[in-house]
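Accompanying notes for the structure given below.
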Protein chains: 2
Amino acid sequence: MGFAYFAGANFLLTLVAAILCVCFAPTAAGPGIPEIKAYLNGVDTPNMFGATTLIVKIIGSVGAVSAGLDLGKEGPLVHIGSCIASLLGQGGPDNYRLKWRWLRYFNNDRDRRDLITCGASSGVCAAFRAPVGGVLFALEEVATWWRSALLWRTFFGTAVVVVVLRAFMEICKSGNCGLFGKGGLIMFDVSNVSVRYHAVDIIPVALIGVLGGVLGSLYNHLLHKILRVYNLINEKGKFHKLLLALSVSIFTSVCLYGLPFLARCRPCDPSLPDSSCPTTGRAGNFKQFNCPKDYYNDLATLLLTTNDDAVRNIFSISTPREYEILSLIIFFALYCILGLVTFGIAVPSGLFLPIILMGSAYGRMLGTAMGPYTKIDQGLYAVLGAASLMAGSMRMTVSLCVIFLELTNNLLLLPITMLVLLIAKTVGDCFNPSIYEIILELKGLPFLDAHPEPWMRNITVGELADVKPAVVTLSGIEKVGRIVEILKNTTHNGFPVVDEGVVPPMGSRIGATELHGLVLRAHLVLVLKKKWFLQERRRTEEWEVREKFTSIDLAERGVKIEEVMVTEDEMEMYVDLHPLTNTTPYTVVESISVAKAMVLFRQVGLRHMLILPKYQAAGVSS
Amino acid sequence: MGFAYFAGANFLLTLVAAILCVCFAPTAAGPGIPEIKAYLNGVDTPNMFGATTLIVKIIGSVGAVSAGLDLGKEGPLVHIGSCIASLLGQGGPDNYRLKWRWLRYFNNDRDRRDLITCGASSGVCAAFRAPVGGVLFALEEVATWWRSALLWRTFFGTAVVVVVLRAFMEICKSGNCGLFGKGGLIMFDVSNVSVRYHAVDIIPVALIGVLGGVLGSLYNHLLHKILRVYNLINEKGKFHKLLLALSVSIFTSVCLYGLPFLARCRPCDPSLPDSSCPTTGRAGNFKQFNCPKDYYNDLATLLLTTNDDAVRNIFSISTPREYEILSLIIFFALYCILGLVTFGIAVPSGLFLPIILMGSAYGRMLGTAMGPYTKIDQGLYAVLGAASLMAGSMRMTVSLCVIFLELTNNLLLLPITMLVLLIAKTVGDCFNPSIYEIILELKGLPFLDAHPEPWMRNITVGELADVKPAVVTLSGIEKVGRIVEILKNTTHNGFPVVDEGVVPPMGSRIGATELHGLVLRAHLVLVLKKKWFLQERRRTEEWEVREKFTSIDLAERGVKIEEVMVTEDEMEMYVDLHPLTNTTPYTVVESISVAKAMVLFRQVGLRHMLILPKYQAAGVSS
């Protein structure tokens, strides 16, 4: 009967989350962090930051987490933060957008990028109550371009998050907000244990690091395989997606409910106060479950609770004999399986918490095994295990270190945490890339890495341009017909504007080519829509430009070429592209290597780069 | 008699520090952080990272700090870290350089830059025992270019520093290392106080932030004025420099010894254990000084101790009535004066500690004044005051926040620290730039800022190049005489190599100019020194190139044109520059704005950038 209620509730909650995700916003499934990473790198996934995605993500995440699935709310919170930031910057969802004048100032790619970065760091801050960790997460993992102004803007964002969190906790002190704010500002506090370690402790610490690296990369490898299988299943349609999510839910319920029966009942430590062992409520470190009085079931303590409490229980300090090795092995094996099968289903899911649970289990196992030889508490071993698996899978260092510091509030643990993270990251890097890079690759999102590939050094941009679809060049004053034709037949987003046969002012050679600049597809479409045409082939005068074009007109977005109607007569007219052209695009000479051009492209944050021939009409000056 | 010993010892110590700085390494004076910042921005100060500077800095810093001057060891430690890193990378000082084969791999500008960044962050880590703070300090304040690999390299460096520090502390536990390691890994621990704050506490917190911003920018302003006066004095010669340092030392001794007599003797709190009040030794929070038994002198507690202990005493928690307002005012006023007059003298001096002392004084004053209305401990007010003045003067946010977290080990203080830092920085930014930027400007070191100035948008690189000294262009195959002449008469470090009158492979226009690339002055000098001359005007064959030049030859540094002898006959010979040329320099078109070119220059970290004419011989491809 208990199991029926338990499994039924979990099933229903998963159903709600999955139906929302499958039917209304497929982009809300998964953590969303890889897509944010790709966006900040320059690739926009459609519908990623819309209002529907936001709502589905919030409700879906609540459903999925409370369904007891092995997933976290951290990734979804990061995505939620970015969605809110993006919507705030645009003045609302696409259809019901506010038209405030000052919103115009945010309506550009650069500010949207900054806002989404701030949103992501605020999300991490809200998830872990780690303000500095949030800033560093955005800096180390999410953002591609970074500037000093962004550092203190994200910092301001997370400061506000913390103050608001604090205020809510103050209000909820009376206890009428449910689980919220129970843990205080520090989620997994292990500060009240004295950390003592000596030179010999370096061996288990290094061992945890190496294990974390190996297991983390193994996890990445297996998750990759499983996600590929899931992709095949999910491609079969919505029903298959739902079925997959629900089977995982039932499997989770069966395991969580059934496995504690395998564990032996253990007697309570008589030195503990009476009320703390055994407990029957939600919280508490010693769950009675099916045991007689003064006995507790250690596996039920870990499984039959929220994920957050499970972490708290396994991190619990000064309880060296609380868990049997067998229970920890069962716990570890279960969460390895659940962590692999749960991630790919169609509900909002984060990666942080499953990895923390897995890592803390083997950390605590190692701590129990090392018990007689070490002075480090087993709870701290669990913390180190969690940190090592995170580093082994996600390959972050500084941000993870600060997040763990802010999660656990134990500054004296910092030196060994740093060592563990560095070892795990280094070991993991030997085997495969980080989990987010693997997911990015699986989703088919192109990502411009900071380091050029070796082959890029041996090929010039000129050679690369020759084998790619040819660039279409426009004249300074172009026929409307040609523009329409080009826009319909190509997918290029930018076109170089070149004036042929001009006379260089001081040169003697007649007939050189002048590069005027670059014109964007969006602007060309706007020209056609607003019908800024000329009867004859002439340049627009300056007063005409001032009268006709405003930057507000040009900022209009989302017009498509298919929506524009041009008559036969207009096809024969001309457009002067000079006033619409970006006259100072970044350029490279054709003989430069692809590697160097890529560095420029990424460092300056370009979308278009023009390639110039090596041969100049006039002398070179520098 | 006591005063004579006190002042005499201080005088001698200052004398040693100042003589070393004045006679052997003037670059060792001051904190060194601005010069490191400038180096990482691309401007190398001569003798900044040499062995002499390192030794003088170490001994001088020890002398200056133990002389009781109002200066810190933090800045010098950062500089020492960078010096060591630079020397390690080069394989030793210039004259006694190790010739290990693998050292070649570090002997390039990029790795030297990375090493110096790591050294700086390790210095901060050693100074504050703040590993994460050190990494963030290097990231936020010191470095101009940053890449993800650097993040975890600096992190690794600081991890090693912490482990070594820990090991030494373990060894020194028996107490035979003097003052070292007394404070443990956390220098100014305020963790054992419960932090309780409510919505009303936002007012004093905001007040501290505003005060910190105003006082910080005032401090920057006054220090600027005083440093200009000092520059005038220091220019008069070595003797004047010495005299200035020694007068400051005597003034400091007089104030430190004399002022405590102004304070009233206060009775000890009877609730304290007997041995802690009053004390006569070095440590201790209640100094007896000239008072009878069971009385203490609160000003002596702050003044007659090391600077580190002074901070510890003023941060001391749960001692609300320890200091009288009058004593705090005297302390604050004294350290304002000392902080201004001490910084510019010719000894190694850091800025962190003087600012912390000043800030903590007014923070504690505010705390004492707010006593009845607030629940925040006065020691925490002192911490917040110190943080606010740091932010108001140095304008850092995230790194300061983490440094203070690691200094004080109080995570619950983090939200209000963040607010204070943000307010202080914002207020300070309204008045003047950060203290390091002011010092950079005073030292006349050019610094390429991240943001282009507004005028840069209205001028093209072509226009800028026209008003600058003309660029000298070399032909692909150049006469030796012309190269010698150019090297002697110009100071350019790079020369574009241009082949005139070549025929573009697919073009029809005869006589276009081909940009071959950029050749460095250092390589030209090497050519002259190694006499890689040709009898006739011809290109070198590929096998010749392979036989003649090795990259090891080209990596040789420091040869000057004056040292090279070329005979009359050789002057008539030719040099083929093609194999020596960097054929893929970064280029911009002359019509690009200076602002955009500067972004490229700084983001990609260039030293040379070529300007191309707008007019092309062949068509533009992209």
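Residues in the structure tokens are numbered from 1 in each chain, the chains being A, B, ... in the order shown, and ligands are numbered from 1 in the order shown.
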
Just want the 10 Å neighbourhood of Lys293 of chain A, counted on only C-alpha atoms, with same-chain residues fewer than 6 positions away dropped. Output as a PDB file with N, CA and C atoms, in the first residue's frame.
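Saved the output as part-v8.pdb:
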ATOM      1  N   PRO A 267      21.729  -1.212  15.354  1.00  0.00           N
ATOM      2  CA  PRO A 267      21.347  -0.601  16.630  1.00  0.00           C
ATOM      3  C   PRO A 267      21.789   0.859  16.701  1.00  0.00           C
ATOM      4  N   CYS A 268      20.985   1.690  17.343  1.00  0.00           N
ATOM      5  CA  CYS A 268      21.353   3.095  17.513  1.00  0.00           C
ATOM      6  C   CYS A 268      22.538   3.194  18.457  1.00  0.00           C
ATOM      7  N   CYS A 277      17.595   9.260  17.183  1.00  0.00           N
ATOM      8  CA  CYS A 277      17.710   7.919  16.598  1.00  0.00           C
ATOM      9  C   CYS A 277      16.749   6.970  17.294  1.00  0.00           C
ATOM     10  N   PRO A 278      15.937   6.238  16.628  1.00  0.00           N
ATOM     11  CA  PRO A 278      15.641   6.400  15.205  1.00  0.00           C
ATOM     12  C   PRO A 278      14.589   7.495  14.990  1.00  0.00           C
ATOM     13  N   THR A 279      14.475   7.970  13.736  1.00  0.00           N
ATOM     14  CA  THR A 279      13.437   8.961  13.424  1.00  0.00           C
ATOM     15  C   THR A 279      12.483   8.371  12.392  1.00  0.00           C
TER      16      THR A 279
END

Neighbours of Lys37 of chain A within 12 Å (only C-alpha atoms; same-chain residues fewer than 2 positions away dropped), as an MDAnalysis selection string? chainID A and resid 31:35 39:45 48 78:79 82 113 116:117 120 137:145 436:437 439:440 445:449

For the selection you just gave me, I'd like the residues written to a file as an mmCIF file, in the first residue's frame, keeping C-alpha atoms.
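Writing done, so here's out_12.cif:
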data_model
loop_
_atom_site.group_PDB
_atom_site.id
_atom_site.type_symbol
_atom_site.label_atom_id
_atom_site.label_comp_id
_atom_site.auth_asym_id
_atom_site.auth_seq_id
_atom_site.Cartn_x
_atom_site.Cartn_y
_atom_site.Cartn_z
ATOM 1 C CA PRO A 31 19.776 21.058 -17.975
ATOM 2 C CA GLY A 32 19.924 23.837 -20.542
ATOM 3 C CA ILE A 33 23.486 24.731 -19.618
ATOM 4 C CA PRO A 34 25.023 23.433 -22.887
ATOM 5 C CA GLU A 35 22.584 25.524 -24.909
ATOM 6 C CA TYR A 39 24.403 30.832 -27.154
ATOM 7 C CA LEU A 40 27.185 32.750 -25.461
ATOM 8 C CA ASN A 41 29.561 31.247 -28.012
ATOM 9 C CA GLY A 42 27.437 32.623 -30.835
ATOM 10 C CA VAL A 43 24.885 29.928 -31.718
ATOM 11 C CA ASP A 44 21.268 30.635 -30.849
ATOM 12 C CA THR A 45 18.995 27.620 -30.332
ATOM 13 C CA MET A 48 15.569 28.524 -25.932
ATOM 14 C CA VAL A 78 20.584 28.219 -14.313
ATOM 15 C CA HIS A 79 18.388 27.979 -17.397
ATOM 16 C CA SER A 82 18.926 32.989 -18.143
ATOM 17 C CA ARG A 113 24.618 38.168 -23.955
ATOM 18 C CA ILE A 116 22.073 35.873 -19.992
ATOM 19 C CA THR A 117 25.475 35.486 -18.367
ATOM 20 C CA ALA A 120 23.160 31.968 -15.406
ATOM 21 C CA PHE A 137 30.825 29.241 -12.763
ATOM 22 C CA ALA A 138 29.652 31.738 -15.351
ATOM 23 C CA LEU A 139 33.210 32.853 -15.930
ATOM 24 C CA GLU A 140 34.854 29.448 -16.129
ATOM 25 C CA GLU A 141 32.236 27.242 -17.720
ATOM 26 C CA VAL A 142 29.507 29.222 -19.418
ATOM 27 C CA ALA A 143 30.877 32.398 -20.926
ATOM 28 C CA THR A 144 33.028 32.619 -24.027
ATOM 29 C CA TRP A 145 33.759 36.344 -23.934
ATOM 30 C CA TYR A 436 29.001 19.670 -21.413
ATOM 31 C CA GLU A 437 31.189 19.458 -24.500
ATOM 32 C CA ILE A 439 26.332 17.036 -24.813
ATOM 33 C CA LEU A 440 27.015 20.004 -27.110
ATOM 34 C CA LEU A 445 25.564 22.590 -31.700
ATOM 35 C CA PRO A 446 28.736 24.016 -33.218
ATOM 36 C CA PHE A 447 31.118 25.408 -30.637
ATOM 37 C CA LEU A 448 34.104 27.619 -31.332
ATOM 38 C CA ASP A 449 36.825 26.445 -28.989
#

List as a VMD selection string the protein and nucleic acid residues near Phe533 of chain B, meaning an atom at most 6 Å away when only C-alpha atoms are counted, but skip any in the same chain fewer than 2 places from it. chain B and resid 531 574 to 575

Would you put the residues from that selection into a file with C-alpha atoms, as a JSON list (two decimals), in the first residue's frame?
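What ended up in selection_20.json:
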[["chain", "number", "residue", "atom", "x", "y", "z"],
["B", 531, "LYS", "CA", 76.10, 37.66, -41.99],
["B", 574, "TYR", "CA", 71.74, 41.71, -50.37],
["B", 575, "VAL", "CA", 69.59, 40.00, -47.78]]

Determine, counting only C-alpha atoms, which protein, DNA and RNA residues have an atom within 8 Å of an atom of Phe155 of chain A; residues of the same chain fewer than 2 positions away are not included. Present the result as a PDB file with N, CA, C and O atoms, in the first residue's frame.
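Result saved to around-v4.pdb:
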ATOM      1  N   PRO A 131      27.159  32.716  -3.898  1.00  0.00           N
ATOM      2  CA  PRO A 131      27.261  33.898  -4.769  1.00  0.00           C
ATOM      3  C   PRO A 131      28.576  33.969  -5.547  1.00  0.00           C
ATOM      4  O   PRO A 131      28.561  34.207  -6.750  1.00  0.00           O
ATOM      5  N   VAL A 132      29.691  33.765  -4.870  1.00  0.00           N
ATOM      6  CA  VAL A 132      30.962  33.864  -5.586  1.00  0.00           C
ATOM      7  C   VAL A 132      31.124  32.678  -6.532  1.00  0.00           C
ATOM      8  O   VAL A 132      31.595  32.819  -7.669  1.00  0.00           O
ATOM      9  N   VAL A 135      29.356  33.400  -9.802  1.00  0.00           N
ATOM     10  CA  VAL A 135      30.108  34.280 -10.701  1.00  0.00           C
ATOM     11  C   VAL A 135      31.197  33.483 -11.407  1.00  0.00           C
ATOM     12  O   VAL A 135      31.368  33.562 -12.629  1.00  0.00           O
ATOM     13  N   LEU A 151      32.227  41.155 -14.850  1.00  0.00           N
ATOM     14  CA  LEU A 151      32.581  40.527 -13.578  1.00  0.00           C
ATOM     15  C   LEU A 151      31.784  41.138 -12.452  1.00  0.00           C
ATOM     16  O   LEU A 151      31.164  40.447 -11.657  1.00  0.00           O
ATOM     17  N   TRP A 152      31.754  42.465 -12.414  1.00  0.00           N
ATOM     18  CA  TRP A 152      31.060  43.011 -11.256  1.00  0.00           C
ATOM     19  C   TRP A 152      29.566  43.137 -11.484  1.00  0.00           C
ATOM     20  O   TRP A 152      28.802  43.207 -10.539  1.00  0.00           O
ATOM     21  N   ARG A 153      29.123  43.049 -12.738  1.00  0.00           N
ATOM     22  CA  ARG A 153      27.669  42.974 -12.952  1.00  0.00           C
ATOM     23  C   ARG A 153      27.109  41.636 -12.481  1.00  0.00           C
ATOM     24  O   ARG A 153      26.090  41.585 -11.795  1.00  0.00           O
ATOM     25  N   GLY A 157      24.503  40.860  -9.449  1.00  0.00           N
ATOM     26  CA  GLY A 157      23.335  39.990  -9.583  1.00  0.00           C
ATOM     27  C   GLY A 157      23.274  38.960  -8.472  1.00  0.00           C
ATOM     28  O   GLY A 157      22.247  38.793  -7.801  1.00  0.00           O
ATOM     29  N   THR A 158      24.407  38.277  -8.238  1.00  0.00           N
ATOM     30  CA  THR A 158      24.374  37.233  -7.220  1.00  0.00           C
ATOM     31  C   THR A 158      24.219  37.835  -5.827  1.00  0.00           C
ATOM     32  O   THR A 158      23.605  37.216  -4.957  1.00  0.00           O
ATOM     33  N   ALA A 159      24.755  39.054  -5.617  1.00  0.00           N
ATOM     34  CA  ALA A 159      24.573  39.702  -4.310  1.00  0.00           C
ATOM     35  C   ALA A 159      23.091  39.920  -4.047  1.00  0.00           C
ATOM     36  O   ALA A 159      22.587  39.657  -2.939  1.00  0.00           O
TER      37      ALA A 159
ATOM     38  N   THR B 397      36.180  43.869  -6.797  1.00  0.00           N
ATOM     39  CA  THR B 397      34.984  43.374  -6.124  1.00  0.00           C
ATOM     40  C   THR B 397      35.123  41.900  -5.771  1.00  0.00           C
ATOM     41  O   THR B 397      35.290  41.550  -4.613  1.00  0.00           O
ATOM     42  N   VAL B 398      35.082  41.044  -6.777  1.00  0.00           N
ATOM     43  CA  VAL B 398      35.023  39.610  -6.505  1.00  0.00           C
ATOM     44  C   VAL B 398      36.271  39.142  -5.770  1.00  0.00           C
ATOM     45  O   VAL B 398      36.190  38.396  -4.794  1.00  0.00           O
TER      46      VAL B 398
END

Counting only C-alpha atoms, which of B:Val205, B:Leu600, B:Ile250, B:Leu165 gets nearest to Tyr586 of chain B?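 Of B:Val205, B:Leu600, B:Ile250, B:Leu165, the one nearest Tyr586 of chain B, counting only C-alpha atoms, is B:Leu600.
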
Distance atom CA of Val472 of chain B-atom CA of Gln535 of chain B, one decimal place?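 Between these atoms lies a distance of 23.9 Å.
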
Determine which residues of segment 172-354 of chain B DSSP labels as helix (DSSP H, G or I) from the backbone of this structure, then write them out as a PyMOL selection string. chain B and resi 172-174+199-234+238-262+274-276+298-303+307-314+325-342+352-354

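With distances restricted to only C-alpha atoms, B:Leu612 is the closest residue to chain A from B:Leu612, B:Leu223, B:Ala4, B:Ala28.
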
Write out as a short mmCIF file (atom, residue, chain, number, x, y, z; two decimals) with C-alpha atoms, in the first residue's frame all residues of segment 232-318 of chain B that DSSP puts in strand (DSSP E) for this structure's backbone.
data_model
loop_
_atom_site.label_atom_id
_atom_site.label_comp_id
_atom_site.auth_asym_id
_atom_site.auth_seq_id
_atom_site.Cartn_x
_atom_site.Cartn_y
_atom_site.Cartn_z
CA CYS B 265 44.09 53.70 31.48
CA ARG B 266 40.95 51.56 31.41
CA PRO B 267 40.02 48.90 33.96
CA TYR B 295 44.23 48.30 33.93
CA TYR B 296 45.15 48.42 30.28
CA ASN B 297 45.92 51.03 27.63
#

Atom pair atom CA of Arg312 of chain B / atom CA of Gly379 of chain B: separation (Å):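 It comes out at 9.4 Å.
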
Contacts of segment 49-52 of chain A within 7 Å, only C-alpha atoms, excl. fewer than 4 positions in-chain, as a PyMOL selection string: chain A and resi 25+56+83+86+93

Let's have the selection written as a compact mmCIF listing (two decimals), in the first residue's frame, with N, CA and C atoms.
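Listing of part03.txt after writing:
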# COMPACT_ATOMS: atom_id res chain seq x y z
N ALA A 25 7.23 22.50 -24.74
CA ALA A 25 8.55 23.10 -24.91
C ALA A 25 9.63 22.03 -24.82
N VAL A 56 7.40 26.11 -18.56
CA VAL A 56 7.52 24.64 -18.55
C VAL A 56 8.70 24.21 -17.70
N CYS A 83 16.62 32.55 -18.79
CA CYS A 83 15.35 32.89 -19.46
C CYS A 83 14.81 34.21 -18.92
N SER A 86 16.83 37.10 -20.14
CA SER A 86 16.60 37.39 -21.54
C SER A 86 15.24 38.07 -21.74
N PRO A 93 7.83 38.43 -23.48
CA PRO A 93 7.84 37.44 -24.56
C PRO A 93 7.57 38.09 -25.91

As a ChimeraX atom specification, please: the residues near segment 300-311 of chain B (cut-off 6 Å, only C-alpha atoms, same-chain neighbours under 2 positions excluded). /B:256,260,286-287,297-298,313-315

Resulting file, chosen residues, N, CA, C and O atoms, as a compact mmCIF listing (two decimals), in the first residue's frame:
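result.txt was written with the following content:
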# COMPACT_ATOMS: atom_id res chain seq x y z
N LEU B 256 54.17 56.36 17.26
CA LEU B 256 53.77 55.07 17.83
C LEU B 256 54.09 55.02 19.32
O LEU B 256 53.33 54.47 20.12
N PRO B 260 50.27 56.63 22.73
CA PRO B 260 49.56 55.87 23.76
C PRO B 260 49.48 56.59 25.10
O PRO B 260 48.57 56.34 25.89
N PHE B 286 44.99 43.18 25.44
CA PHE B 286 44.90 44.25 26.44
C PHE B 286 46.30 44.56 26.95
O PHE B 286 46.79 43.91 27.88
N LYS B 287 46.96 45.54 26.35
CA LYS B 287 48.34 45.86 26.72
C LYS B 287 48.37 46.72 27.98
O LYS B 287 47.64 47.70 28.10
N ASN B 297 45.92 49.84 28.49
CA ASN B 297 45.92 51.03 27.63
C ASN B 297 45.45 50.60 26.24
O ASN B 297 46.13 49.83 25.55
N ASP B 298 44.27 51.06 25.83
CA ASP B 298 43.70 50.52 24.58
C ASP B 298 44.45 51.00 23.35
O ASP B 298 44.52 50.29 22.35
N ASN B 313 43.77 42.67 16.54
CA ASN B 313 43.20 43.29 17.74
C ASN B 313 41.97 44.13 17.42
O ASN B 313 41.00 44.14 18.16
N ILE B 314 42.04 44.84 16.31
CA ILE B 314 40.90 45.73 16.01
C ILE B 314 39.73 44.92 15.43
O ILE B 314 38.58 45.33 15.55
N PHE B 315 40.02 43.75 14.83
CA PHE B 315 38.94 42.88 14.38
C PHE B 315 38.36 42.06 15.53
O PHE B 315 37.41 41.31 15.33

When you draw a straight line from atom CA of Asp70 of chain A to atom CA of Ala333 of chain A, how long is it in Å?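 A separation of 12.8 Å between them.
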